[in-house]
$ cat structure09.cif   # mmCIF, N, CA and C atoms
data_coords
loop_
_atom_site.group_PDB
_atom_site.id
_atom_site.type_symbol
_atom_site.label_atom_id
_atom_site.label_comp_id
_atom_site.auth_asym_id
_atom_site.auth_seq_id
_atom_site.Cartn_x
_atom_site.Cartn_y
_atom_site.Cartn_z
ATOM 1 N N MET A 5 -28.561 16.893 -2.477
ATOM 2 C CA MET A 5 -27.839 17.206 -3.693
ATOM 3 C C MET A 5 -27.359 15.914 -4.345
ATOM 4 N N ASP A 6 -27.345 15.874 -5.638
ATOM 5 C CA ASP A 6 -26.918 14.721 -6.422
ATOM 6 C C ASP A 6 -25.454 14.371 -6.117
ATOM 7 N N ARG A 7 -25.176 13.094 -5.904
ATOM 8 C CA ARG A 7 -23.804 12.628 -5.595
ATOM 9 C C ARG A 7 -22.845 12.975 -6.729
ATOM 10 N N ASN A 8 -23.282 12.939 -7.973
ATOM 11 C CA ASN A 8 -22.404 13.279 -9.093
ATOM 12 C C ASN A 8 -21.949 14.728 -9.012
ATOM 13 N N ILE A 9 -22.843 15.603 -8.610
ATOM 14 C CA ILE A 9 -22.480 17.014 -8.475
ATOM 15 C C ILE A 9 -21.467 17.174 -7.352
ATOM 16 N N LEU A 10 -21.683 16.468 -6.235
ATOM 17 C CA LEU A 10 -20.724 16.528 -5.134
ATOM 18 C C LEU A 10 -19.360 16.014 -5.573
ATOM 19 N N SER A 11 -19.336 14.959 -6.352
ATOM 20 C CA SER A 11 -18.074 14.402 -6.835
ATOM 21 C C SER A 11 -17.347 15.404 -7.712
ATOM 22 N N VAL A 12 -18.066 16.066 -8.584
ATOM 23 C CA VAL A 12 -17.457 17.074 -9.450
ATOM 24 C C VAL A 12 -16.895 18.213 -8.611
ATOM 25 N N GLU A 13 -17.616 18.611 -7.591
ATOM 26 C CA GLU A 13 -17.141 19.682 -6.708
ATOM 27 C C GLU A 13 -15.870 19.266 -5.967
ATOM 28 N N GLU A 14 -15.791 18.019 -5.555
ATOM 29 C CA GLU A 14 -14.596 17.524 -4.874
ATOM 30 C C GLU A 14 -13.389 17.558 -5.800
ATOM 31 N N VAL A 15 -13.587 17.152 -7.036
ATOM 32 C CA VAL A 15 -12.495 17.184 -8.019
ATOM 33 C C VAL A 15 -12.084 18.629 -8.286
ATOM 34 N N ALA A 16 -13.057 19.532 -8.375
ATOM 35 C CA ALA A 16 -12.754 20.949 -8.593
ATOM 36 C C ALA A 16 -11.927 21.495 -7.432
ATOM 37 N N ARG A 17 -12.258 21.098 -6.196
ATOM 38 C CA ARG A 17 -11.484 21.557 -5.034
ATOM 39 C C ARG A 17 -10.043 21.041 -5.103
ATOM 40 N N LEU A 18 -9.883 19.808 -5.530
ATOM 41 C CA LEU A 18 -8.540 19.250 -5.690
ATOM 42 C C LEU A 18 -7.747 20.076 -6.694
ATOM 43 N N MET A 19 -8.360 20.353 -7.834
ATOM 44 C CA MET A 19 -7.670 21.121 -8.873
ATOM 45 C C MET A 19 -7.336 22.533 -8.391
ATOM 46 N N GLN A 20 -8.240 23.127 -7.636
ATOM 47 C CA GLN A 20 -7.980 24.477 -7.113
ATOM 48 C C GLN A 20 -6.820 24.470 -6.124
ATOM 49 N N SER A 21 -6.678 23.400 -5.385
ATOM 50 C CA SER A 21 -5.620 23.356 -4.379
ATOM 51 C C SER A 21 -4.229 23.217 -4.997
ATOM 52 N N ILE A 22 -4.147 22.794 -6.247
ATOM 53 C CA ILE A 22 -2.843 22.669 -6.912
ATOM 54 C C ILE A 22 -2.732 23.607 -8.108
ATOM 55 N N ASP A 23 -3.546 24.657 -8.122
ATOM 56 C CA ASP A 23 -3.607 25.521 -9.301
ATOM 57 C C ASP A 23 -2.468 26.525 -9.418
ATOM 58 N N GLN A 24 -1.551 26.542 -8.479
ATOM 59 C CA GLN A 24 -0.435 27.480 -8.542
ATOM 60 C C GLN A 24 0.853 26.733 -8.889
ATOM 61 N N PRO A 25 1.662 27.296 -9.787
ATOM 62 C CA PRO A 25 2.902 26.620 -10.184
ATOM 63 C C PRO A 25 3.792 26.234 -9.002
ATOM 64 N N ALA A 26 3.868 27.080 -7.984
ATOM 65 C CA ALA A 26 4.714 26.766 -6.824
ATOM 66 C C ALA A 26 4.241 25.483 -6.141
ATOM 67 N N ARG A 27 2.949 25.296 -6.053
ATOM 68 C CA ARG A 27 2.424 24.086 -5.394
ATOM 69 C C ARG A 27 2.728 22.843 -6.216
ATOM 70 N N LEU A 28 2.634 22.963 -7.524
ATOM 71 C CA LEU A 28 2.991 21.828 -8.375
ATOM 72 C C LEU A 28 4.473 21.497 -8.222
ATOM 73 N N GLN A 29 5.314 22.524 -8.180
ATOM 74 C CA GLN A 29 6.747 22.297 -8.008
ATOM 75 C C GLN A 29 7.028 21.620 -6.673
ATOM 76 N N ILE A 30 6.358 22.036 -5.632
ATOM 77 C CA ILE A 30 6.542 21.425 -4.315
ATOM 78 C C ILE A 30 6.125 19.962 -4.347
ATOM 79 N N LEU A 31 4.978 19.676 -4.912
ATOM 80 C CA LEU A 31 4.499 18.288 -4.983
ATOM 81 C C LEU A 31 5.463 17.416 -5.765
ATOM 82 N N LEU A 32 5.975 17.936 -6.873
ATOM 83 C CA LEU A 32 6.944 17.174 -7.666
ATOM 84 C C LEU A 32 8.247 16.971 -6.892
ATOM 85 N N ALA A 33 8.678 17.977 -6.144
ATOM 86 C CA ALA A 33 9.917 17.864 -5.375
ATOM 87 C C ALA A 33 9.776 16.847 -4.247
ATOM 88 N N ILE A 34 8.598 16.799 -3.647
ATOM 89 C CA ILE A 34 8.369 15.802 -2.599
ATOM 90 C C ILE A 34 8.385 14.415 -3.214
ATOM 91 N N GLY A 35 7.756 14.286 -4.379
ATOM 92 C CA GLY A 35 7.761 13.013 -5.089
ATOM 93 C C GLY A 35 7.173 11.883 -4.293
ATOM 94 N N GLU A 36 7.755 10.716 -4.434
ATOM 95 C CA GLU A 36 7.235 9.532 -3.764
ATOM 96 C C GLU A 36 7.873 9.300 -2.399
ATOM 97 N N GLY A 37 8.770 10.201 -2.018
ATOM 98 C CA GLY A 37 9.450 10.040 -0.740
ATOM 99 C C GLY A 37 8.969 11.026 0.291
ATOM 100 N N GLU A 38 9.934 11.531 1.017
ATOM 101 C CA GLU A 38 9.657 12.490 2.076
ATOM 102 C C GLU A 38 10.706 13.586 1.967
ATOM 103 N N THR A 39 10.294 14.837 2.183
ATOM 104 C CA THR A 39 11.200 15.963 2.011
ATOM 105 C C THR A 39 11.082 16.927 3.175
ATOM 106 N N CYS A 40 12.223 17.408 3.624
ATOM 107 C CA CYS A 40 12.285 18.403 4.687
ATOM 108 C C CYS A 40 12.105 19.792 4.080
ATOM 109 N N VAL A 41 11.507 20.692 4.834
ATOM 110 C CA VAL A 41 11.331 22.072 4.379
ATOM 111 C C VAL A 41 12.678 22.674 4.013
ATOM 112 N N CYS A 42 13.722 22.361 4.774
ATOM 113 C CA CYS A 42 15.048 22.918 4.484
ATOM 114 C C CYS A 42 15.532 22.477 3.101
ATOM 115 N N HIS A 43 15.184 21.275 2.691
ATOM 116 C CA HIS A 43 15.547 20.798 1.355
ATOM 117 C C HIS A 43 14.793 21.598 0.285
ATOM 118 N N LEU A 44 13.515 21.859 0.533
ATOM 119 C CA LEU A 44 12.727 22.639 -0.425
ATOM 120 C C LEU A 44 13.276 24.067 -0.534
ATOM 121 N N GLU A 45 13.694 24.639 0.592
ATOM 122 C CA GLU A 45 14.291 25.975 0.571
ATOM 123 C C GLU A 45 15.542 25.984 -0.303
ATOM 124 N N ALA A 46 16.387 24.979 -0.124
ATOM 125 C CA ALA A 46 17.632 24.901 -0.896
ATOM 126 C C ALA A 46 17.357 24.631 -2.369
ATOM 127 N N THR A 47 16.372 23.796 -2.652
ATOM 128 C CA THR A 47 16.040 23.440 -4.027
ATOM 129 C C THR A 47 15.533 24.631 -4.817
ATOM 130 N N PHE A 48 14.630 25.386 -4.218
ATOM 131 C CA PHE A 48 13.964 26.466 -4.950
ATOM 132 C C PHE A 48 14.520 27.856 -4.658
ATOM 133 N N GLY A 49 15.223 28.010 -3.547
ATOM 134 C CA GLY A 49 15.707 29.335 -3.167
ATOM 135 C C GLY A 49 14.592 30.252 -2.687
ATOM 136 N N TRP A 50 13.508 29.656 -2.229
ATOM 137 C CA TRP A 50 12.362 30.419 -1.734
ATOM 138 C C TRP A 50 12.493 30.610 -0.236
ATOM 139 N N ARG A 51 11.906 31.686 0.268
ATOM 140 C CA ARG A 51 11.875 31.935 1.711
ATOM 141 C C ARG A 51 11.014 30.876 2.404
ATOM 142 N N GLN A 52 11.375 30.608 3.634
ATOM 143 C CA GLN A 52 10.650 29.614 4.420
ATOM 144 C C GLN A 52 9.183 30.010 4.579
ATOM 145 N N ALA A 53 8.919 31.298 4.763
ATOM 146 C CA ALA A 53 7.533 31.766 4.944
ATOM 147 C C ALA A 53 6.701 31.494 3.690
ATOM 148 N N TYR A 54 7.288 31.700 2.512
ATOM 149 C CA TYR A 54 6.595 31.446 1.244
ATOM 150 C C TYR A 54 6.269 29.960 1.109
ATOM 151 N N LEU A 55 7.251 29.118 1.399
ATOM 152 C CA LEU A 55 7.027 27.672 1.354
ATOM 153 C C LEU A 55 5.958 27.247 2.347
ATOM 154 N N SER A 56 6.022 27.798 3.538
ATOM 155 C CA SER A 56 5.065 27.422 4.582
ATOM 156 C C SER A 56 3.632 27.730 4.181
ATOM 157 N N GLN A 57 3.420 28.855 3.508
ATOM 158 C CA GLN A 57 2.067 29.201 3.054
ATOM 159 C C GLN A 57 1.537 28.152 2.089
ATOM 160 N N HIS A 58 2.365 27.755 1.143
ATOM 161 C CA HIS A 58 1.930 26.756 0.163
ATOM 162 C C HIS A 58 1.771 25.382 0.806
ATOM 163 N N LEU A 59 2.690 25.022 1.679
ATOM 164 C CA LEU A 59 2.582 23.726 2.347
ATOM 165 C C LEU A 59 1.353 23.664 3.242
ATOM 166 N N MET A 60 1.020 24.771 3.888
ATOM 167 C CA MET A 60 -0.188 24.811 4.718
ATOM 168 C C MET A 60 -1.432 24.583 3.852
ATOM 169 N N ALA A 61 -1.486 25.217 2.676
ATOM 170 C CA ALA A 61 -2.630 25.038 1.782
ATOM 171 C C ALA A 61 -2.711 23.592 1.302
ATOM 172 N N LEU A 62 -1.565 22.995 0.983
ATOM 173 C CA LEU A 62 -1.545 21.604 0.535
ATOM 174 C C LEU A 62 -1.941 20.663 1.674
ATOM 175 N N ARG A 63 -1.527 20.987 2.883
ATOM 176 C CA ARG A 63 -1.897 20.171 4.049
ATOM 177 C C ARG A 63 -3.394 20.286 4.330
ATOM 178 N N LYS A 64 -3.926 21.509 4.274
ATOM 179 C CA LYS A 64 -5.367 21.715 4.496
ATOM 180 C C LYS A 64 -6.202 20.967 3.462
ATOM 181 N N ALA A 65 -5.693 20.889 2.236
ATOM 182 C CA ALA A 65 -6.404 20.183 1.171
ATOM 183 C C ALA A 65 -6.253 18.666 1.306
ATOM 184 N N GLY A 66 -5.423 18.239 2.253
ATOM 185 C CA GLY A 66 -5.218 16.806 2.465
ATOM 186 C C GLY A 66 -4.270 16.166 1.470
ATOM 187 N N LEU A 67 -3.485 16.986 0.773
ATOM 188 C CA LEU A 67 -2.589 16.457 -0.256
ATOM 189 C C LEU A 67 -1.226 16.061 0.283
ATOM 190 N N VAL A 68 -0.810 16.669 1.395
ATOM 191 C CA VAL A 68 0.442 16.297 2.032
ATOM 192 C C VAL A 68 0.208 16.078 3.518
ATOM 193 N N THR A 69 1.061 15.264 4.088
ATOM 194 C CA THR A 69 1.079 15.065 5.531
ATOM 195 C C THR A 69 2.466 15.453 6.025
ATOM 196 N N ASP A 70 2.553 15.746 7.300
ATOM 197 C CA ASP A 70 3.847 16.141 7.833
ATOM 198 C C ASP A 70 4.156 15.383 9.111
ATOM 199 N N ARG A 71 5.445 15.353 9.416
ATOM 200 C CA ARG A 71 5.883 14.792 10.691
ATOM 201 C C ARG A 71 7.085 15.612 11.144
ATOM 202 N N ARG A 72 7.161 15.789 12.427
ATOM 203 C CA ARG A 72 8.258 16.572 13.008
ATOM 204 C C ARG A 72 9.340 15.614 13.491
ATOM 205 N N ALA A 73 10.579 15.960 13.170
ATOM 206 C CA ALA A 73 11.740 15.218 13.657
ATOM 207 C C ALA A 73 12.689 16.265 14.245
ATOM 208 N N GLY A 74 12.602 16.461 15.550
ATOM 209 C CA GLY A 74 13.385 17.520 16.179
ATOM 210 C C GLY A 74 12.866 18.870 15.733
ATOM 211 N N ARG A 75 13.735 19.682 15.174
ATOM 212 C CA ARG A 75 13.307 20.996 14.702
ATOM 213 C C ARG A 75 12.944 21.005 13.224
ATOM 214 N N PHE A 76 12.993 19.850 12.598
ATOM 215 C CA PHE A 76 12.696 19.752 11.170
ATOM 216 C C PHE A 76 11.309 19.166 10.938
ATOM 217 N N ILE A 77 10.647 19.670 9.916
ATOM 218 C CA ILE A 77 9.346 19.125 9.513
ATOM 219 C C ILE A 77 9.515 18.496 8.144
ATOM 220 N N HIS A 78 9.083 17.256 8.044
ATOM 221 C CA HIS A 78 9.191 16.494 6.801
ATOM 222 C C HIS A 78 7.795 16.309 6.215
ATOM 223 N N TYR A 79 7.712 16.438 4.905
ATOM 224 C CA TYR A 79 6.428 16.320 4.213
ATOM 225 C C TYR A 79 6.466 15.143 3.256
ATOM 226 N N ARG A 80 5.303 14.546 3.087
ATOM 227 C CA ARG A 80 5.139 13.487 2.083
ATOM 228 C C ARG A 80 3.755 13.613 1.487
ATOM 229 N N LEU A 81 3.570 13.066 0.292
ATOM 230 C CA LEU A 81 2.262 13.095 -0.358
ATOM 231 C C LEU A 81 1.313 12.161 0.376
ATOM 232 N N SER A 82 0.093 12.615 0.580
ATOM 233 C CA SER A 82 -0.924 11.754 1.186
ATOM 234 C C SER A 82 -1.339 10.662 0.213
ATOM 235 N N GLN A 83 -1.391 11.034 -1.057
ATOM 236 C CA GLN A 83 -1.787 10.099 -2.114
ATOM 237 C C GLN A 83 -0.738 10.159 -3.230
ATOM 238 N N PRO A 84 0.198 9.209 -3.270
ATOM 239 C CA PRO A 84 1.228 9.236 -4.312
ATOM 240 C C PRO A 84 0.658 9.243 -5.739
ATOM 241 N N ALA A 85 -0.586 8.808 -5.915
ATOM 242 C CA ALA A 85 -1.212 8.833 -7.247
ATOM 243 C C ALA A 85 -1.344 10.257 -7.779
ATOM 244 N N LEU A 86 -1.231 11.235 -6.891
ATOM 245 C CA LEU A 86 -1.294 12.632 -7.315
ATOM 246 C C LEU A 86 -0.196 12.950 -8.326
ATOM 247 N N LEU A 87 0.970 12.326 -8.174
ATOM 248 C CA LEU A 87 2.058 12.537 -9.135
ATOM 249 C C LEU A 87 1.643 12.119 -10.542
ATOM 250 N N GLU A 88 0.936 11.017 -10.626
ATOM 251 C CA GLU A 88 0.470 10.530 -11.927
ATOM 252 C C GLU A 88 -0.482 11.533 -12.571
ATOM 253 N N ILE A 89 -1.365 12.103 -11.788
ATOM 254 C CA ILE A 89 -2.303 13.106 -12.302
ATOM 255 C C ILE A 89 -1.544 14.305 -12.847
ATOM 256 N N ILE A 90 -0.536 14.768 -12.104
ATOM 257 C CA ILE A 90 0.256 15.917 -12.534
ATOM 258 C C ILE A 90 0.980 15.606 -13.835
ATOM 259 N N HIS A 91 1.580 14.424 -13.917
ATOM 260 C CA HIS A 91 2.306 14.039 -15.135
ATOM 261 C C HIS A 91 1.365 13.852 -16.320
ATOM 262 N N GLN A 92 0.169 13.340 -16.081
ATOM 263 C CA GLN A 92 -0.801 13.201 -17.166
ATOM 264 C C GLN A 92 -1.254 14.563 -17.670
ATOM 265 N N ALA A 93 -1.469 15.502 -16.759
ATOM 266 C CA ALA A 93 -1.851 16.860 -17.160
ATOM 267 C C ALA A 93 -0.739 17.486 -17.984
ATOM 268 N N ALA A 94 0.505 17.264 -17.586
ATOM 269 C CA ALA A 94 1.651 17.777 -18.342
ATOM 270 C C ALA A 94 1.678 17.164 -19.747
ATOM 271 N N ALA A 95 1.444 15.866 -19.830
ATOM 272 C CA ALA A 95 1.460 15.182 -21.121
ATOM 273 C C ALA A 95 0.372 15.732 -22.058
ATOM 274 N N ILE A 96 -0.775 16.041 -21.505
ATOM 275 C CA ILE A 96 -1.846 16.642 -22.312
ATOM 276 C C ILE A 96 -1.381 17.958 -22.923
ATOM 277 N N GLN A 97 -0.558 18.693 -22.173
ATOM 278 C CA GLN A 97 -0.018 19.965 -22.647
ATOM 279 C C GLN A 97 1.246 19.782 -23.487
ATOM 280 N N GLY A 98 1.700 18.543 -23.642
ATOM 281 C CA GLY A 98 2.900 18.275 -24.417
ATOM 282 C C GLY A 98 4.178 18.631 -23.683
ATOM 283 N N VAL A 99 4.125 18.578 -22.352
ATOM 284 C CA VAL A 99 5.264 18.938 -21.508
ATOM 285 C C VAL A 99 5.740 17.717 -20.762
ATOM 286 N N THR A 100 7.053 17.592 -20.593
ATOM 287 C CA THR A 100 7.616 16.530 -19.784
ATOM 288 C C THR A 100 8.146 17.150 -18.501
ATOM 289 N N LEU A 101 7.712 16.623 -17.385
ATOM 290 C CA LEU A 101 8.160 17.133 -16.085
ATOM 291 C C LEU A 101 9.200 16.205 -15.515
ATOM 292 N N PRO A 102 10.070 16.744 -14.646
ATOM 293 C CA PRO A 102 11.086 15.889 -14.000
ATOM 294 C C PRO A 102 10.464 14.872 -13.068
#
$ encode --input "structure09.cif" --output "structure tokens"
Amino acid sequence: MDRNILSVEEVARLMQSIDQPARLQILLAIGEGETCVCHLEATFGWRQAYLSQHLMALRKAGLVTDRRAGRFIHYRLSQPALLEIIHQAAAIQGVTLP
């Protein structure tokens, strides 16, 4: 198969992995640092199970990594450049994100 087609498919998979508003909110909340699930629960008021489903999808897509510290799991972006992509997409739509 042509490498260009594979590249397009890879980009499509990336876009599909962040196609839900909750996932975008999570990625923005993590930002350039590291965030505990408990912080995300407090920030959004979402159930832990709901957050875990989205975080698992983001982890499977390779967009976030995690580390355990005692009973807490902390997440960070695998590629901080992802924030720039999200902000550029927002700018195209005429939206400013936090």
$ closest_residue --input "structure09.cif" --among "A:Ile30, A:Gly37, A:Ala85, A:Ala46" --to "A:Leu59" --atoms "only N, CA and C atoms"
A:Ile30
$ atom_distance --input "structure09.cif" --atom1 "atom CA of A:Glu38" --atom2 "atom CA of A:Arg72"
11.8 Å
$ select_by_dssp --input "structure09.cif" --residues "chain A" --states "strand (DSSP E)" --output "number ranges by chain"
A: 39-40, 68-73, 76-81
$ resolve_selection --input "structure09.cif" --expression "the PyMOL selection byres (((chain A and resi 79 and name CA) around 10) and name CA)" --output "PDB file with N, CA and C atoms, in the coordinates of the input"
ATOM      1  N   ILE A  30       6.358  22.036  -5.632  1.00  0.00           N
ATOM      2  CA  ILE A  30       6.542  21.425  -4.315  1.00  0.00           C
ATOM      3  C   ILE A  30       6.125  19.962  -4.347  1.00  0.00           C
ATOM      4  N   LEU A  31       4.978  19.676  -4.912  1.00  0.00           N
ATOM      5  CA  LEU A  31       4.499  18.288  -4.983  1.00  0.00           C
ATOM      6  C   LEU A  31       5.463  17.416  -5.765  1.00  0.00           C
ATOM      7  N   ILE A  34       8.598  16.799  -3.647  1.00  0.00           N
ATOM      8  CA  ILE A  34       8.369  15.802  -2.599  1.00  0.00           C
ATOM      9  C   ILE A  34       8.385  14.415  -3.214  1.00  0.00           C
ATOM     10  N   GLY A  35       7.756  14.286  -4.379  1.00  0.00           N
ATOM     11  CA  GLY A  35       7.761  13.013  -5.089  1.00  0.00           C
ATOM     12  C   GLY A  35       7.173  11.883  -4.293  1.00  0.00           C
ATOM     13  N   GLY A  37       8.770  10.201  -2.018  1.00  0.00           N
ATOM     14  CA  GLY A  37       9.450  10.040  -0.740  1.00  0.00           C
ATOM     15  C   GLY A  37       8.969  11.026   0.291  1.00  0.00           C
ATOM     16  N   GLU A  38       9.934  11.531   1.017  1.00  0.00           N
ATOM     17  CA  GLU A  38       9.657  12.490   2.076  1.00  0.00           C
ATOM     18  C   GLU A  38      10.706  13.586   1.967  1.00  0.00           C
ATOM     19  N   THR A  39      10.294  14.837   2.183  1.00  0.00           N
ATOM     20  CA  THR A  39      11.200  15.963   2.011  1.00  0.00           C
ATOM     21  C   THR A  39      11.082  16.927   3.175  1.00  0.00           C
ATOM     22  N   CYS A  40      12.223  17.408   3.624  1.00  0.00           N
ATOM     23  CA  CYS A  40      12.285  18.403   4.687  1.00  0.00           C
ATOM     24  C   CYS A  40      12.105  19.792   4.080  1.00  0.00           C
ATOM     25  N   VAL A  41      11.507  20.692   4.834  1.00  0.00           N
ATOM     26  CA  VAL A  41      11.331  22.072   4.379  1.00  0.00           C
ATOM     27  C   VAL A  41      12.678  22.674   4.013  1.00  0.00           C
ATOM     28  N   LEU A  59       2.690  25.022   1.679  1.00  0.00           N
ATOM     29  CA  LEU A  59       2.582  23.726   2.347  1.00  0.00           C
ATOM     30  C   LEU A  59       1.353  23.664   3.242  1.00  0.00           C
ATOM     31  N   ARG A  63      -1.527  20.987   2.883  1.00  0.00           N
ATOM     32  CA  ARG A  63      -1.897  20.171   4.049  1.00  0.00           C
ATOM     33  C   ARG A  63      -3.394  20.286   4.330  1.00  0.00           C
ATOM     34  N   VAL A  68      -0.810  16.669   1.395  1.00  0.00           N
ATOM     35  CA  VAL A  68       0.442  16.297   2.032  1.00  0.00           C
ATOM     36  C   VAL A  68       0.208  16.078   3.518  1.00  0.00           C
ATOM     37  N   THR A  69       1.061  15.264   4.088  1.00  0.00           N
ATOM     38  CA  THR A  69       1.079  15.065   5.531  1.00  0.00           C
ATOM     39  C   THR A  69       2.466  15.453   6.025  1.00  0.00           C
ATOM     40  N   ASP A  70       2.553  15.746   7.300  1.00  0.00           N
ATOM     41  CA  ASP A  70       3.847  16.141   7.833  1.00  0.00           C
ATOM     42  C   ASP A  70       4.156  15.383   9.111  1.00  0.00           C
ATOM     43  N   ARG A  71       5.445  15.353   9.416  1.00  0.00           N
ATOM     44  CA  ARG A  71       5.883  14.792  10.691  1.00  0.00           C
ATOM     45  C   ARG A  71       7.085  15.612  11.144  1.00  0.00           C
ATOM     46  N   ARG A  72       7.161  15.789  12.427  1.00  0.00           N
ATOM     47  CA  ARG A  72       8.258  16.572  13.008  1.00  0.00           C
ATOM     48  C   ARG A  72       9.340  15.614  13.491  1.00  0.00           C
ATOM     49  N   PHE A  76      12.993  19.850  12.598  1.00  0.00           N
ATOM     50  CA  PHE A  76      12.696  19.752  11.170  1.00  0.00           C
ATOM     51  C   PHE A  76      11.309  19.166  10.938  1.00  0.00           C
ATOM     52  N   ILE A  77      10.647  19.670   9.916  1.00  0.00           N
ATOM     53  CA  ILE A  77       9.346  19.125   9.513  1.00  0.00           C
ATOM     54  C   ILE A  77       9.515  18.496   8.144  1.00  0.00           C
ATOM     55  N   HIS A  78       9.083  17.256   8.044  1.00  0.00           N
ATOM     56  CA  HIS A  78       9.191  16.494   6.801  1.00  0.00           C
ATOM     57  C   HIS A  78       7.795  16.309   6.215  1.00  0.00           C
ATOM     58  N   ARG A  80       5.303  14.546   3.087  1.00  0.00           N
ATOM     59  CA  ARG A  80       5.139  13.487   2.083  1.00  0.00           C
ATOM     60  C   ARG A  80       3.755  13.613   1.487  1.00  0.00           C
ATOM     61  N   LEU A  81       3.570  13.066   0.292  1.00  0.00           N
ATOM     62  CA  LEU A  81       2.262  13.095  -0.358  1.00  0.00           C
ATOM     63  C   LEU A  81       1.313  12.161   0.376  1.00  0.00           C
ATOM     64  N   SER A  82       0.093  12.615   0.580  1.00  0.00           N
ATOM     65  CA  SER A  82      -0.924  11.754   1.186  1.00  0.00           C
ATOM     66  C   SER A  82      -1.339  10.662   0.213  1.00  0.00           C
TER      67      SER A  82
END
$ residues_around --input "structure09.cif" --residues "A:Ile90" --least-positions-apart "3" --cutoff "12 Å" --atoms "only C-alpha atoms" --output "ChimeraX atom specification"
/A:18-19,22-23,25,27-32,35,84-87,93-97,99-102
$ closest_residue --input "structure09.cif" --among "A:Ala65, A:His91, A:Gly98, A:Gly49" --to "A:Val15" --atoms "only C-alpha atoms"
A:Ala65
$ atom_distance --input "structure09.cif" --atom1 "atom C of A:Arg75" --atom2 "atom C of A:Trp50"
16.5 Å
$ atom_distance --input "structure09.cif" --atom1 "atom CA of A:His58" --atom2 "atom CA of A:Cys42"
14.3 Å
$ closest_residue --input "structure09.cif" --among "A:Met60, A:Gln92, A:Gln20, A:Ala26" --to "A:Leu44" --atoms "only C-alpha atoms"
A:Ala26
$ select_by_dssp --input "structure09.cif" --residues "stretch 10-101 of chain A" --states "alpha helix (DSSP H)" --output "VMD selection string"
chain A and resid 10 to 21 25 to 34 41 to 48 52 to 64 85 to 96
